[in-house]
Amino acid sequence: MKSSLSRRLFLRDSVLFAGAAGAASLPLLARASGEVAAAPAAGALGPVQISANEYPDGPSPAALKAIATIAPLGGRYLHEVQLELLEELSRQLGVETKCLMPYAGSTEPLDYTMLAFTSPERALVTANPSYEQGWRAAGRNGAKVHKLPLRKDWSHDVQAMCAADANAGIIYICNPNNPTGSVTARKDIEYVLEHKPKGSVLVLDEAYIDFYDSAESGVDLVAAGKDVIVLRTFSKLYGMAGIRLGYAVARPDLLAKLKFYSINSLPVTAVAAGLASLRDPSLVPTRRASNRAIRTDVTTWLAAKGYVCSTSQSNCFMVDVKQPAETFIEAMATHGVMVGRSWEGFPTQSRITVGTPAEMARFKQAFALVEAGKRGSYPIPERRRLADRYVRHTGIQLA
Ligand SMILES: Cc1ncc(COP(=O)(O)O)c(C=O)c1O
């Protein structure tokens, strides 16, 4: 009884989430026909979700078509399609397939990397603010976690990181960084490889690399045989956070340490969507340019109002909201705009994800109201409450 009520509320909110246009059509989960649903856009009334660094348009049309095409074959493991993904990645990245391991997102290989290369004797060295999933995994593994400030230009302070702990097992660099969107130059990455503690590995988390105009990926360093593990995901620019696909790129001896923890088949829908996305040459440049234009517009607007934003090359940035971030986040939600969280040690900074132009217009409207001390009366959507319950149940790290 209770769960059917929850389901009804969820479906109602799905309609709400789809906005005014969505209200006239079937709810998201009730679409039973062969029709392919478009990503729900936040209309004039729907909540604006700019809290989790997702791409607002969702999977590309080609990816959606590929999912629909392969789903009827989903009773099979289809390992040959999974091999096709590796071969496509190998061609595009210029590394051998033996240096690639696919996963359902990049959280898994990030956790396995932490388990494999940290211990009570081998520390994790990271920046702060940066993505904390690895901190938690290394902490569970009994490792010390050294959190070093970013430099003034928001890049990783690689000299300090290399000097932090002679027994470090991992130097973790998120490039571009979550939550700041800032980048760390290639010469700094090379510095780490030359100066990192003996026996340690450099982990390059490239979840947001596709947004970066002059992307300087570290994948070629794998091909060159360096002690580096590169992690990539389709959750961000490719709009597949809920579809789940990612991969690790590393020397086979390093990958073997990740494989120790789990080897699994992938959802073939995710693989097909990933392949279709990789084979669409216009997808990355188009989405990158669109994200850049929208990000520049909103950060320029904030700067003109006197708010300092991080220098971002990604689909998120930090802004100093000049009040406790928690108060700001809650006040924005009363206007139906769900912005991102704050980071330890940065109590007045909130992370904002770049949404659609319409979503960012709603963001600006709500921001100005919150700045003027005005609260709205937007009800917290039931789907958000249910999502929060799931996050609490699983202990999943928020993006
Ligand atoms: C820097 C970074 N790495 C990895 C992930 C994990 O993403 P996923 O498991 O969806 O690939 C995220 C998610 O937000 C992230 O921000």
# chains A, B, ... in the order shown; residues from 1 in each chain; ligands from 1
$ residues_near_ligand --ligand "ligand 1" --cutoff "6 Å" --atoms "only C-alpha atoms and all ligand atoms" --output "ChimeraX atom specification"
/A:105-107,131,174,178,205,207,233,235,241,246,399
$ closest_residue --among "A:His146, A:Arg288, A:Lys98, A:His335" --to "Gln313 of chain A" --atoms "only C-alpha atoms"
A:Arg288
$ residues_around --residues "Tyr212 of chain A" --least-positions-apart "4" --cutoff "12 Å" --atoms "only C-alpha atoms" --output "list in words"
Asn175, Pro176, Asn177, Gly181, Ser182, Val183, Thr184, Ala185, Glu206, Ala207, Tyr208, Glu216, Ser217, Leu237, Val284, Pro285, Arg287, Arg288, Ala289, Asn291, Arg292, Thr311, Ser312, Gln313, Ser314, Asn315 and Cys316 of chain A
$ residues_around --residues "Glu326 of chain A" --least-positions-apart "2" --cutoff "12 Å" --atoms "only C-alpha atoms" --output "PyMOL selection string"
chain A and resi 321-324+328-333+338-344+346-351
$ decode --residues "segment 167-187 of chain A" --atoms "N, CA and C atoms" --output "PDB file, in the first residue's frame"
ATOM      1  N   ASN A 167      55.251   8.024   1.823  1.00  0.00           N
ATOM      2  CA  ASN A 167      54.640   6.703   1.669  1.00  0.00           C
ATOM      3  C   ASN A 167      53.289   6.759   0.948  1.00  0.00           C
ATOM      4  N   ALA A 168      53.063   7.819   0.192  1.00  0.00           N
ATOM      5  CA  ALA A 168      51.775   7.900  -0.512  1.00  0.00           C
ATOM      6  C   ALA A 168      51.618   6.715  -1.464  1.00  0.00           C
ATOM      7  N   GLY A 169      50.404   6.205  -1.534  1.00  0.00           N
ATOM      8  CA  GLY A 169      50.116   5.148  -2.513  1.00  0.00           C
ATOM      9  C   GLY A 169      49.498   5.742  -3.772  1.00  0.00           C
ATOM     10  N   ILE A 170      48.745   6.832  -3.579  1.00  0.00           N
ATOM     11  CA  ILE A 170      48.054   7.468  -4.722  1.00  0.00           C
ATOM     12  C   ILE A 170      48.166   8.989  -4.631  1.00  0.00           C
ATOM     13  N   ILE A 171      48.469   9.597  -5.768  1.00  0.00           N
ATOM     14  CA  ILE A 171      48.274  11.045  -5.923  1.00  0.00           C
ATOM     15  C   ILE A 171      47.053  11.163  -6.836  1.00  0.00           C
ATOM     16  N   TYR A 172      45.993  11.774  -6.328  1.00  0.00           N
ATOM     17  CA  TYR A 172      44.731  11.859  -7.077  1.00  0.00           C
ATOM     18  C   TYR A 172      44.552  13.266  -7.644  1.00  0.00           C
ATOM     19  N   ILE A 173      44.415  13.338  -8.960  1.00  0.00           N
ATOM     20  CA  ILE A 173      44.171  14.638  -9.605  1.00  0.00           C
ATOM     21  C   ILE A 173      42.917  14.532 -10.465  1.00  0.00           C
ATOM     22  N   CYS A 174      41.948  15.354 -10.140  1.00  0.00           N
ATOM     23  CA  CYS A 174      40.695  15.388 -10.890  1.00  0.00           C
ATOM     24  C   CYS A 174      40.829  16.530 -11.894  1.00  0.00           C
ATOM     25  N   ASN A 175      40.792  16.214 -13.181  1.00  0.00           N
ATOM     26  CA  ASN A 175      41.152  17.199 -14.208  1.00  0.00           C
ATOM     27  C   ASN A 175      40.216  17.143 -15.413  1.00  0.00           C
ATOM     28  N   PRO A 176      39.335  18.148 -15.579  1.00  0.00           N
ATOM     29  CA  PRO A 176      39.051  19.290 -14.719  1.00  0.00           C
ATOM     30  C   PRO A 176      38.504  18.828 -13.367  1.00  0.00           C
ATOM     31  N   ASN A 177      38.715  19.717 -12.395  1.00  0.00           N
ATOM     32  CA  ASN A 177      38.404  19.341 -11.016  1.00  0.00           C
ATOM     33  C   ASN A 177      36.908  19.496 -10.714  1.00  0.00           C
ATOM     34  N   ASN A 178      36.377  18.564  -9.948  1.00  0.00           N
ATOM     35  CA  ASN A 178      35.047  18.709  -9.360  1.00  0.00           C
ATOM     36  C   ASN A 178      35.287  19.108  -7.905  1.00  0.00           C
ATOM     37  N   PRO A 179      34.821  20.242  -7.425  1.00  0.00           N
ATOM     38  CA  PRO A 179      33.721  21.061  -7.907  1.00  0.00           C
ATOM     39  C   PRO A 179      34.111  22.332  -8.663  1.00  0.00           C
ATOM     40  N   THR A 180      35.386  22.658  -8.777  1.00  0.00           N
ATOM     41  CA  THR A 180      35.753  23.987  -9.295  1.00  0.00           C
ATOM     42  C   THR A 180      35.699  24.074 -10.820  1.00  0.00           C
ATOM     43  N   GLY A 181      35.843  22.931 -11.497  1.00  0.00           N
ATOM     44  CA  GLY A 181      35.912  22.936 -12.963  1.00  0.00           C
ATOM     45  C   GLY A 181      37.260  23.407 -13.482  1.00  0.00           C
ATOM     46  N   SER A 182      38.198  23.661 -12.560  1.00  0.00           N
ATOM     47  CA  SER A 182      39.498  24.203 -12.961  1.00  0.00           C
ATOM     48  C   SER A 182      40.406  23.092 -13.491  1.00  0.00           C
ATOM     49  N   VAL A 183      41.404  23.511 -14.282  1.00  0.00           N
ATOM     50  CA  VAL A 183      42.270  22.512 -14.904  1.00  0.00           C
ATOM     51  C   VAL A 183      43.705  22.596 -14.370  1.00  0.00           C
ATOM     52  N   THR A 184      44.385  21.482 -14.471  1.00  0.00           N
ATOM     53  CA  THR A 184      45.790  21.396 -14.071  1.00  0.00           C
ATOM     54  C   THR A 184      46.587  21.084 -15.334  1.00  0.00           C
ATOM     55  N   ALA A 185      47.622  21.892 -15.575  1.00  0.00           N
ATOM     56  CA  ALA A 185      48.338  21.837 -16.860  1.00  0.00           C
ATOM     57  C   ALA A 185      49.126  20.540 -17.019  1.00  0.00           C
ATOM     58  N   ARG A 186      49.366  20.219 -18.274  1.00  0.00           N
ATOM     59  CA  ARG A 186      50.098  19.005 -18.618  1.00  0.00           C
ATOM     60  C   ARG A 186      51.488  18.961 -17.944  1.00  0.00           C
ATOM     61  N   LYS A 187      52.155  20.113 -17.886  1.00  0.00           N
ATOM     62  CA  LYS A 187      53.513  20.119 -17.286  1.00  0.00           C
ATOM     63  C   LYS A 187      53.433  19.718 -15.802  1.00  0.00           C
TER      64      LYS A 187
END
